[in-house]
Structure formats: C-alpha cells, structure tokens
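Structure, as structure tokens:
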Amino acid sequence: MKVPIRRRTVAVVLNVLVLVAALFVATGAEATPRPLKFSAPKGATLPAMSCAEVARLDLSGVPDAPANIASATVVAADDNPLGKWEACRVKGVIAPQIQFELMLPTKTWERRYLQTGCGGFCGSVNVNAPASYGCAPLTNGTFAVASDNEGHYGINGTDGLFGADPQLRVDFGYRSQHLTSILAKDVIKRFYGQPAARSYFTGCSEGGDQALTEAQRYPEDFDGIVSGAPAANMTALAIWDQGWNGKAMLDGNGKPTLSVDDLKPLHEAVLKACDARDGTRDGLVSDSMDCEFDPKSIACPARGNASGFCLTPAQLESLSKIYSGARDRKGRLMYPGWQPHGSESEWANWLVPTTPGTPSRQAAFAVNTLRWLAYPGVRPSLTLDDVQFTEANFKEIMGRVSGIYDSTDPDLSAFRRKGGKLIMWHGEADPAVPPSSTIAYYNAVTDRMGGLDRTQEFARLFMLPGVAHCSGGPGPDRFDALTAVVDWVEQGKAPDSMLTSKADGSTRPAFPYPLMAVNTTGGPVDKASSYTAQPRRSADQRISWLGSFRSGYQKTCGWVDGKWVCQKGKA
C-alpha cells in the first residue's frame, strides 16, 4: 500500500498555507559550428483571465498539491528579470510550506512550461536557474516559468536546519519539484484556458539532482530535462566526499594546508603535466580522468631552499588524499569520484577557506548533512571529526536516507517509453561535484538501458573542459542546452554537438560523451572550427565504490494515522 504524502484535515492545511503565504509576501557545433536556433509554434496564446483574477483563484482542491496564492501582479517588460516580456508574477505556497513563483507571459506565451531548479540545500525561490538565463526561450517570453524553494527557508544554501522536520526532508528530497509542476500546470490551464503543450525542466547542482529525480520518479512530469553538474548522489557526496576533503585540507592543528595564493602555481603545475594529453595544448584539462599528475614532482627539497613554488609534506598529504578520493580502511572508494585534476584554480572557498577561522564550503555541507539529515533525529553537536570512513557507517546512513535524497537509479525506461529527452552536462573543472561521478552514473544508465546507442536515443552527456561548478572557470561556460532539448523533443533533432563560448568571444564545440573536442586542424585554439570529435582516452574506465547505481533503493515517506512511515518504492 502506497504511503500517502500527508494526512491532515483541510482546515489545518489551509491555516498553515495562509500563515506561510503571509510570511512569504512580507518577506553545439558541427565541424563548422552553428548556434542552435529556437523553433517555436507560430502565434502566441493570450490569457483567458486577468492577472488580478489569478490572485483570487481557489487552489485548495488541487490534487496532491493544495495551495494558496499570496500575490499575483503584473510585471512590466522592462522590470522582468528573465527578459523583455510582460508577465503575471504569481507567488504562493503549496502545503505545508513549499514556496513557489510562477511567471506567466501575458502577450507572448506559446504553450510551453519551464521549471527551474535551485542549488545547495536551496531554501529560496529563484527562477533564474544556471544555464537557463539568457537562452532564447526565456528572453523572448514563450515559456511560462516556475521555481520553488524545495519546501523550506534556508540561509546561504548550506543551512540544513530544516532537517529537524521529517516532512521537510521529504519535500527537499523529492516532493517539492513534483508538486510545483502539478500546481503550476493547473494555474497555467486556468490562466490561459488551455494547458501547456510541452513541459521542460532545467537545473544545475542540486537543480541537476532535482532534474534526475524527475526523470526517475516522475517520468510523466516533463518532456525534456536538462541536468547540469547533478549532485545526484547527494548523501555520499556531502558526507564522505566533501567530509573527506574538508578533513584532508587541514593539518594536525586544524589549519588549512593550502592558501588561496597556492592555487595558481599548483594549477599551472597540473597543466604542465596534463594539458597536452588530450591532444590540444590550450590551458585546459579536457579529460580529467586521464590526468596522471604526481604532486611529489613539485615537492619541496628535504634540505635547502626551493627555487620556486613547491609542496610541503603536509600539502603533499592533503593532495594525495583529495586526488584519490574518500576511502575506507580497506582502500575502497566511498563515493564514485575524487577532486578532478585541472580544478585547482577553482578551489578557493570550496576547498580552501578564504576567511581565517571559517570552514570551507565542502566542510560546511558535510557537517550540516551529518547534523540535520543523516540520522532519524537531529544531532546538532556533531563536527567534522565525527565523519566516519567505515563500511558500517556507510551502510547505516545510506540504507536509511539515500532513498529519500539521492537520484541514482539508472533505470530510465519509463522516461524513455514516455518519449522524454534528457541532456546531462558537467564541467571538467568542477570543484564541488566531481565530474567523474556523473560519468559513472551515465555509464550505469547505458549499461541498464541497452548500451550507448540505445541510450543516446533519449539521453546524452556533454563534458565541458575547464568549466567550474555550473559556470565559471577558464573554459567556455556559455551554451544553450535548453534550446537543444526543445529541438530534440519537438523536432526530433538530437544534439550531436553544442557550441560553447566565453565572454571573450572564444568558442569550442562540445560532443556527446564518450567523444570530446580535439584541435586536429592546427587552427586557433579559441575557434570552434579548429576542433573535431575524438574518443576520450578514459572512456573505458569504470569506477568501483562501496555503493552502487541500482533500482529499488528509493523510498516514499509520509504520515499514516499520525505516524511517520517510509517504505521502499518511488512516489
């Protein structure tokens, strides 16, 4: 028997909604690359009611997603953060406290719905998802756009205090984005007098995790999904990978072994060893899993003074640990990844604290997850020292909460049968979520879904050299995966490449994994026309770790007769 989402009387639900709503108000390329062109249906669909009437809609009876609207106001084209188009901006709350925002074009809608994800532990509403803002479908107003706060209020995206409430854990883990899609589509149908013809989701980091959760748990919600740098294996990532790095980067006195000033010369040493291994000397590591940089090659001399930058014994120990990944006493990986070579220039704040006496972001994520999300009750006194790198602790925590937070099921058959299309992407210089983890998951998908050719019929992965977490880094980080997935869904044009660029005008093609862009022509390294698709040297690597990418691990939780119950199975 499936666990209901939550049993509460209608009166209680509505009272909670009214209270929270009040608080909410108060507070590509081919050999010669071409930019992807967005092809929209002809003719805009105009609203069937005014924006003011939206504010008076009764949404208490929306199945599974009873909600209240806090406000509905017209936003002029010049004031719209998404682009130059007029919108009806709708804010509200889905029970118990999932805050959402919905932007409804008043003159330009072409029957498409886009939902955007968020980052970290979320905790706020932001319709400007990474890798979405600036794309043609958003700036021309053809989409209705929505986002939510994952069911709680948070600070700086690293605050896990919401985990004290089991319902909020579930809303964060898998429920909020599904209910937001239900509610938003209901409002869209009422506002325009007809439903959206196509629905899309895009997000990066935790938003990438949300994207994969939708493909795995709720394959009917979206026709096309873009998942960037997904924190999909969230439990193992936060506790063991980031906890491992947080501890490895400290010496015996609790002081960082590396400073921000060390990062540039360290990165240059890695480039010297690995830049040309991918076939192109361009200041980037295109295949981080193929880099074999040995930190001992720049160790400080045992005696005398070094003539330049060198690594001390404490620094060597730190780098040895983070480049090899979190391991138990038997040397087994506890997460399918490690700190990628070529990401060193991006370690400030993520691995190396920028303010004395403050933890790195990775250490903060690990501690917050351990305190508020890992155990049945909260343990606010736990510290980084309490992270245990043992098989017993791994099985204890993963067996309890992985099924709530993680999106690592490689069985996407329901999404494929429904006709869904998935684009995944990840930066090779990501300091926050190891790119190898996304490759490991995609390999598991190809194994489960009948091989690479069958998988690429509906799901493709693009690896971006030199790109940091969701954006930034020395590599080209601008691209339009949203238009690519729209063209794939609506015109059947699978993305054989994507054109990436930087603000300085440099361009480079990105090809579906396991291909990569290599300068085989001898042309300028900053021009996409110089590159052709070549196989990655590391394409045959497989990662063995304590966990596994498998079906049947997910859980659905809810209140049953006043008791909190979790059982295996997708919601």
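Chain labels run A, B, ... following the order of the structure tokens; each chain numbers its residues from 1, and ligands are numbered from 1 in the order shown.
Non-sequential neighbours of Gly203 of chain A (distance at most 9 Å, separation of 6 or more positions within a chain, only C-alpha atoms) are Gln115, Thr116, Gly117, Cys118, Gly119, Ala129, Pro130, Ala131, Ser132, Asp209, Gln210, Ala211, Ile225, Val226, Ser227, Gly228, Ala229 and Pro230 of chain A.
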Contact residues around Gly420 of chain A with only C-alpha atoms at 8 Å, ignoring same-chain residues under 4 positions, as a PyMOL selection string: chain A and resi 219+222-225+415-416+458+489
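If you measure from each of A:Pro66, A:Gly451, A:Gly403, A:Gly472 to Gly427 of chain A using only C-alpha atoms, the closest one turns out to be A:Gly472.
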Å distance separating atom CA of Arg217 of chain A from atom CA of Tyr174 of chain A, one decimal place: 8.2 Å
Strand (DSSP E) per DSSP on the backbone: members of segment 497-571 of chain A, as a PyMOL selection string: chain A and resi 498-501+507-510+515-519+531-535+555-560+563-568
Convert the current residue selection to file output with N, CA, C and O atoms, as a compact mmCIF listing (two decimals), in the first residue's frame.
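The file below, result-v4.txt, is the result:
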```
# COMPACT_ATOMS: atom_id res chain seq x y z
N MET A 498 27.14 20.77 -29.15
CA MET A 498 26.68 22.05 -28.63
C MET A 498 27.82 23.05 -28.74
O MET A 498 28.98 22.70 -28.49
N LEU A 499 27.50 24.26 -29.10
CA LEU A 499 28.50 25.31 -29.20
C LEU A 499 28.65 26.00 -27.84
O LEU A 499 27.67 26.49 -27.28
N THR A 500 29.86 25.99 -27.30
CA THR A 500 30.13 26.67 -26.03
C THR A 500 31.01 27.88 -26.30
O THR A 500 31.76 27.91 -27.28
N SER A 501 30.94 28.88 -25.42
CA SER A 501 31.71 30.10 -25.64
C SER A 501 32.04 30.75 -24.31
O SER A 501 31.54 30.36 -23.25
N THR A 507 35.30 30.21 -28.71
CA THR A 507 34.25 29.20 -28.89
C THR A 507 34.88 27.81 -28.99
O THR A 507 36.04 27.66 -29.34
N ARG A 508 34.06 26.80 -28.67
CA ARG A 508 34.52 25.41 -28.75
C ARG A 508 33.28 24.51 -28.82
O ARG A 508 32.28 24.76 -28.16
N PRO A 509 33.35 23.47 -29.63
CA PRO A 509 32.22 22.53 -29.64
C PRO A 509 32.31 21.56 -28.47
O PRO A 509 33.40 21.25 -27.98
N ALA A 510 31.18 21.09 -28.01
CA ALA A 510 31.12 20.00 -27.04
C ALA A 510 30.36 18.87 -27.71
O ALA A 510 29.31 19.10 -28.33
N LEU A 515 32.71 11.10 -26.64
CA LEU A 515 33.53 11.91 -27.54
C LEU A 515 33.95 13.20 -26.85
O LEU A 515 33.32 13.65 -25.90
N MET A 516 35.00 13.82 -27.35
CA MET A 516 35.47 15.09 -26.84
C MET A 516 36.01 15.91 -28.01
O MET A 516 36.31 15.37 -29.08
N ALA A 517 36.13 17.21 -27.82
CA ALA A 517 36.63 18.09 -28.86
C ALA A 517 38.16 18.17 -28.80
O ALA A 517 38.73 18.45 -27.75
N VAL A 518 38.82 17.88 -29.93
CA VAL A 518 40.27 17.95 -30.02
C VAL A 518 40.64 18.80 -31.23
O VAL A 518 40.04 18.68 -32.31
N ASN A 519 41.64 19.67 -31.06
CA ASN A 519 42.11 20.51 -32.16
C ASN A 519 42.98 19.66 -33.09
O ASN A 519 44.17 19.50 -32.88
N TYR A 531 38.20 22.30 -34.15
CA TYR A 531 38.04 21.06 -33.39
C TYR A 531 37.20 20.02 -34.14
O TYR A 531 36.28 20.36 -34.90
N THR A 532 37.54 18.77 -33.89
CA THR A 532 36.73 17.65 -34.36
C THR A 532 36.47 16.71 -33.19
O THR A 532 37.14 16.77 -32.15
N ALA A 533 35.51 15.83 -33.36
CA ALA A 533 35.15 14.89 -32.30
C ALA A 533 36.11 13.71 -32.29
O ALA A 533 36.32 13.06 -33.32
N GLN A 534 36.66 13.42 -31.09
CA GLN A 534 37.59 12.31 -30.91
C GLN A 534 37.20 11.56 -29.63
O GLN A 534 36.64 12.14 -28.71
N PRO A 535 37.50 10.25 -29.55
CA PRO A 535 37.15 9.50 -28.34
C PRO A 535 38.01 9.91 -27.16
O PRO A 535 39.20 10.22 -27.30
N LYS A 555 12.75 5.49 -1.58
CA LYS A 555 11.72 5.39 -0.56
C LYS A 555 10.67 6.48 -0.74
O LYS A 555 10.96 7.57 -1.23
N THR A 556 9.47 6.17 -0.31
CA THR A 556 8.39 7.15 -0.23
C THR A 556 7.95 7.24 1.22
O THR A 556 7.69 6.22 1.86
N CYS A 557 7.91 8.47 1.74
CA CYS A 557 7.61 8.66 3.16
C CYS A 557 6.39 9.56 3.33
O CYS A 557 6.11 10.43 2.50
N GLY A 558 5.68 9.38 4.43
CA GLY A 558 4.54 10.23 4.73
C GLY A 558 3.91 9.88 6.05
O GLY A 558 4.30 8.92 6.72
N TRP A 559 2.92 10.69 6.45
CA TRP A 559 2.20 10.47 7.70
C TRP A 559 1.06 9.49 7.47
O TRP A 559 0.24 9.68 6.58
N VAL A 560 1.00 8.46 8.28
CA VAL A 560 -0.09 7.47 8.23
C VAL A 560 -0.62 7.29 9.64
O VAL A 560 0.10 6.83 10.54
N LYS A 563 1.54 8.58 12.34
CA LYS A 563 2.90 8.06 12.43
C LYS A 563 3.65 8.32 11.12
O LYS A 563 3.06 8.26 10.04
N TRP A 564 4.95 8.59 11.26
CA TRP A 564 5.79 8.82 10.07
C TRP A 564 6.28 7.47 9.56
O TRP A 564 6.93 6.72 10.26
N VAL A 565 5.95 7.17 8.30
CA VAL A 565 6.25 5.86 7.72
C VAL A 565 7.01 6.04 6.41
O VAL A 565 6.64 6.87 5.57
N CYS A 566 8.08 5.28 6.24
CA CYS A 566 8.83 5.24 4.98
C CYS A 566 8.83 3.81 4.46
O CYS A 566 9.03 2.86 5.23
N GLN A 567 8.60 3.65 3.17
CA GLN A 567 8.64 2.33 2.58
C GLN A 567 9.33 2.41 1.23
O GLN A 567 9.39 3.46 0.60
N LYS A 568 9.88 1.28 0.78
CA LYS A 568 10.59 1.25 -0.48
C LYS A 568 9.62 1.47 -1.64
O LYS A 568 8.48 1.06 -1.60
```
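Using only C-alpha atoms, the shortest contact distance between Met249 of chain A and any of A:Ala459, A:Leu179, A:Leu316, A:Ala392 is found at A:Leu316.
Restricting the calculation to only C-alpha atoms, the smallest distance between Lys395 of chain A and any of A:Ala276, A:Ala440, A:Leu546, A:Val433 is found for A:Leu546.
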Near-Asn128 of chain A list (12 Å; only C-alpha atoms; drop same-chain fewer than 3 positions) as a PyMOL selection string: chain A and resi 80-83+101-103+114-119+124-125+131-135+138-139+145-148+202-204+207
Keeping only C-alpha atoms, write those residues as an mmCIF file, in the first residue's frame.
```
data_model
loop_
_atom_site.group_PDB
_atom_site.id
_atom_site.type_symbol
_atom_site.label_atom_id
_atom_site.label_comp_id
_atom_site.auth_asym_id
_atom_site.auth_seq_id
_atom_site.Cartn_x
_atom_site.Cartn_y
_atom_site.Cartn_z
ATOM 1 C CA ASN A 80 11.217 41.391 -15.783
ATOM 2 C CA PRO A 81 14.456 39.688 -14.603
ATOM 3 C CA LEU A 82 14.009 36.957 -17.227
ATOM 4 C CA GLY A 83 13.832 39.208 -20.281
ATOM 5 C CA GLU A 101 6.921 31.566 -8.023
ATOM 6 C CA LEU A 102 5.342 31.408 -11.473
ATOM 7 C CA MET A 103 5.944 33.879 -14.314
ATOM 8 C CA LEU A 114 9.669 25.538 -17.935
ATOM 9 C CA GLN A 115 10.532 24.689 -14.337
ATOM 10 C CA THR A 116 13.933 25.596 -12.941
ATOM 11 C CA GLY A 117 15.905 24.044 -10.105
ATOM 12 C CA CYS A 118 17.978 25.541 -7.303
ATOM 13 C CA GLY A 119 21.356 24.993 -5.633
ATOM 14 C CA SER A 124 14.838 30.294 -1.605
ATOM 15 C CA VAL A 125 12.930 30.761 -4.855
ATOM 16 C CA ALA A 131 22.448 27.709 -17.741
ATOM 17 C CA SER A 132 18.887 28.898 -18.352
ATOM 18 C CA TYR A 133 19.086 32.661 -18.065
ATOM 19 C CA GLY A 134 19.859 34.280 -21.407
ATOM 20 C CA CYS A 135 18.536 31.415 -23.517
ATOM 21 C CA LEU A 138 13.351 32.713 -21.693
ATOM 22 C CA THR A 139 14.308 36.094 -23.094
ATOM 23 C CA VAL A 145 8.430 29.693 -15.888
ATOM 24 C CA ALA A 146 8.255 28.428 -12.296
ATOM 25 C CA SER A 147 10.551 27.505 -9.436
ATOM 26 C CA ASP A 148 10.278 26.646 -5.740
ATOM 27 C CA THR A 202 16.454 22.651 -16.207
ATOM 28 C CA GLY A 203 18.770 22.954 -13.235
ATOM 29 C CA CYS A 204 22.350 22.646 -12.052
ATOM 30 C CA GLY A 207 18.901 21.554 -9.536
#
```
Who sits within 12 Å of Ser381 of chain A, only C-alpha atoms, same chain under 5 positions skipped, as a list of chain:residue names: A:Val367, A:Asn368, A:Leu370, A:Arg371, A:Trp372, A:Asp386
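Here atom CA of Glu86 of chain A stands at a distance of 22.5 Å from atom CA of Val486 of chain A.
Shortest atom-to-atom contact with Thr369 of chain A among A:Phe201, A:Trp85, A:Tyr553, A:Phe121: A:Phe121, counting only C-alpha atoms.
Shortest atom-to-atom contact with His341 of chain A among A:Thr355, A:Ser324, A:Ser181, A:Ser288: A:Ser288, counting only C-alpha atoms.
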List the neighbours of Pro265 of chain A out to 10 Å using only C-alpha atoms; skip same-chain residues closer than 4 positions along the sequence, and give me the result as a PDB file with all heavy atoms, in the first residue's frame.
```
ATOM      1  N   ASP A 261      46.733  31.654  -2.272  1.00  0.00           N
ATOM      2  CA  ASP A 261      47.876  32.018  -3.114  1.00  0.00           C
ATOM      3  C   ASP A 261      48.571  30.794  -3.709  1.00  0.00           C
ATOM      4  O   ASP A 261      49.302  30.911  -4.698  1.00  0.00           O
ATOM      5  CB  ASP A 261      48.888  32.828  -2.301  1.00  0.00           C
ATOM      6  CG  ASP A 261      48.349  34.194  -1.903  1.00  0.00           C
ATOM      7  OD1 ASP A 261      47.431  34.685  -2.593  1.00  0.00           O
ATOM      8  OD2 ASP A 261      48.838  34.761  -0.908  1.00  0.00           O
ATOM      9  N   ALA A 269      51.164  23.749 -12.454  1.00  0.00           N
ATOM     10  CA  ALA A 269      51.933  22.503 -12.441  1.00  0.00           C
ATOM     11  C   ALA A 269      51.105  21.349 -13.011  1.00  0.00           C
ATOM     12  O   ALA A 269      51.627  20.487 -13.733  1.00  0.00           O
ATOM     13  CB  ALA A 269      52.380  22.187 -11.020  1.00  0.00           C
ATOM     14  N   VAL A 270      49.822  21.315 -12.685  1.00  0.00           N
ATOM     15  CA  VAL A 270      48.941  20.276 -13.224  1.00  0.00           C
ATOM     16  C   VAL A 270      48.813  20.424 -14.734  1.00  0.00           C
ATOM     17  O   VAL A 270      48.869  19.427 -15.482  1.00  0.00           O
ATOM     18  CB  VAL A 270      47.556  20.342 -12.551  1.00  0.00           C
ATOM     19  CG1 VAL A 270      46.588  19.371 -13.219  1.00  0.00           C
ATOM     20  CG2 VAL A 270      47.668  20.027 -11.063  1.00  0.00           C
ATOM     21  N   LEU A 271      48.651  21.664 -15.212  1.00  0.00           N
ATOM     22  CA  LEU A 271      48.547  21.886 -16.652  1.00  0.00           C
ATOM     23  C   LEU A 271      49.820  21.455 -17.377  1.00  0.00           C
ATOM     24  O   LEU A 271      49.767  20.879 -18.477  1.00  0.00           O
ATOM     25  CB  LEU A 271      48.273  23.359 -16.938  1.00  0.00           C
ATOM     26  CG  LEU A 271      46.895  23.895 -16.542  1.00  0.00           C
ATOM     27  CD1 LEU A 271      46.772  25.370 -16.888  1.00  0.00           C
ATOM     28  CD2 LEU A 271      45.787  23.102 -17.241  1.00  0.00           C
ATOM     29  N   GLY A 308      61.492  27.860  -6.350  1.00  0.00           N
ATOM     30  CA  GLY A 308      60.175  28.338  -6.762  1.00  0.00           C
ATOM     31  C   GLY A 308      59.093  27.691  -5.921  1.00  0.00           C
ATOM     32  O   GLY A 308      59.341  27.211  -4.815  1.00  0.00           O
ATOM     33  N   PHE A 309      57.870  27.641  -6.460  1.00  0.00           N
ATOM     34  CA  PHE A 309      56.761  27.039  -5.728  1.00  0.00           C
ATOM     35  C   PHE A 309      57.012  25.547  -5.536  1.00  0.00           C
ATOM     36  O   PHE A 309      57.431  24.833  -6.454  1.00  0.00           O
ATOM     37  CB  PHE A 309      55.461  27.236  -6.496  1.00  0.00           C
ATOM     38  CG  PHE A 309      54.276  26.549  -5.872  1.00  0.00           C
ATOM     39  CD1 PHE A 309      53.673  27.052  -4.745  1.00  0.00           C
ATOM     40  CD2 PHE A 309      53.785  25.363  -6.420  1.00  0.00           C
ATOM     41  CE1 PHE A 309      52.585  26.406  -4.168  1.00  0.00           C
ATOM     42  CE2 PHE A 309      52.692  24.713  -5.864  1.00  0.00           C
ATOM     43  CZ  PHE A 309      52.099  25.247  -4.731  1.00  0.00           C
ATOM     44  N   CYS A 310      56.758  25.075  -4.329  1.00  0.00           N
ATOM     45  CA  CYS A 310      56.893  23.650  -4.044  1.00  0.00           C
ATOM     46  C   CYS A 310      55.913  23.265  -2.944  1.00  0.00           C
ATOM     47  O   CYS A 310      55.320  24.124  -2.289  1.00  0.00           O
ATOM     48  CB  CYS A 310      58.325  23.301  -3.639  1.00  0.00           C
ATOM     49  SG  CYS A 310      58.860  24.066  -2.084  1.00  0.00           S
ATOM     50  N   GLU A 344      42.091  23.072  -9.795  1.00  0.00           N
ATOM     51  CA  GLU A 344      42.788  23.730  -8.692  1.00  0.00           C
ATOM     52  C   GLU A 344      42.527  25.230  -8.624  1.00  0.00           C
ATOM     53  O   GLU A 344      42.430  25.805  -7.531  1.00  0.00           O
ATOM     54  CB  GLU A 344      44.292  23.458  -8.799  1.00  0.00           C
ATOM     55  CG  GLU A 344      44.672  21.996  -8.720  1.00  0.00           C
ATOM     56  CD  GLU A 344      44.436  21.235 -10.012  1.00  0.00           C
ATOM     57  OE1 GLU A 344      44.258  21.899 -11.073  1.00  0.00           O
ATOM     58  OE2 GLU A 344      44.422  19.991  -9.976  1.00  0.00           O
ATOM     59  N   SER A 345      42.403  25.872  -9.768  1.00  0.00           N
ATOM     60  CA  SER A 345      42.184  27.318  -9.774  1.00  0.00           C
ATOM     61  C   SER A 345      40.822  27.703  -9.202  1.00  0.00           C
ATOM     62  O   SER A 345      40.573  28.884  -8.926  1.00  0.00           O
ATOM     63  CB  SER A 345      42.316  27.869 -11.201  1.00  0.00           C
ATOM     64  OG  SER A 345      41.342  27.301 -12.058  1.00  0.00           O
TER      65      SER A 345
END
```
Counting only C-alpha atoms, the residue of A:Gly331, A:Gly399, A:Pro410, A:Gly151 that sits nearest Ala215 of chain A: A:Pro410
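The neighbours of Gly337 of chain A here are the residues that come within 6 Å of it, using only C-alpha atoms and leaving out any residue fewer than 6 positions away in the same chain; they are Pro434, Ser436 and Ser437 of chain A.
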Written file, previous selection with C-alpha atoms, as a compact mmCIF listing (two decimals), in the first residue's frame:
```txt
# COMPACT_ATOMS: atom_id res chain seq x y z
CA PRO A 434 33.32 15.54 -9.09
CA SER A 436 33.68 11.52 -12.61
CA SER A 437 30.54 10.86 -10.56
```
Separation of atom CA of Pro96 of chain A from atom CA of Val75 of chain A in Å: 27.4 Å
